[in-house]
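Chemist: Okay, handing you the structure first.
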Amino acid sequence: MNLLARYESSKNASHPCPDLMTLAESELSAFFSAVTRLFGSEQARISAEDWLQELVDVDGLPTSARDWRLITLNATTRIASRVQGSSLAAEPQIA
């Protein structure tokens with residue numbers, strides 16, 4: 001089962017949740033795909049967990065594409081720290 005499959009919301013839905021689900025799934029899916037292409041599947045898995053943690057840490061449910069993008073931006077800073085830290089550790093030390 002593809003957990004990142006796109007959710008198709010009902011056009012007649014009066015509740016905002018279907019649209020919010022679509023925004024969330026679209027944002028996480030795009031983020032996951034980009035991290036996979038750039039850094040591989042292991043970093044993508046870790047980064048998806050970071051993204052979900054950012055969502056948990058936010059006050060209230062995001063209501064706009066901008067709010068969802070901010071979650072992605074925050075998760076991206078975690079990737080940058082992790083990748084930068086691992087590349088520094090991999091550099092040979094000059095004595």
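Labeling convention for the structure tokens: chains A, B, ... as they appear, residues from 1 per chain, ligands from 1 in order of appearance.
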Name all residues at most 9 Å from Leu61 in chain A (count only C-alpha atoms; drop same-chain ones fewer than 6 positions away) and give them as a list in words.

Modeler: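 In the requested format, the answer is Leu20, Leu55 and Asp67 of chain A.
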
Chemist: Let me see the file: selected residues, C-alpha atoms, as a PDB file, in the first residue's frame.

Modeler:
ATOM      1  CA  LEU A  20      -6.331  20.060   4.385  1.00  0.00           C
ATOM      2  CA  LEU A  55       3.528  18.939  12.204  1.00  0.00           C
ATOM      3  CA  ASP A  67       1.584  26.937   6.554  1.00  0.00           C
TER       4      ASP A  67
END

Chemist: Can you tell me, as a PyMOL selection string, what residues are no more than 12 Å from Phe39 in chain A when counting only C-alpha atoms, ignoring any on the same chain fewer than 2 positions away?

Modeler: chain A and resi 31-37+41-47+76+79-80+82-84+86
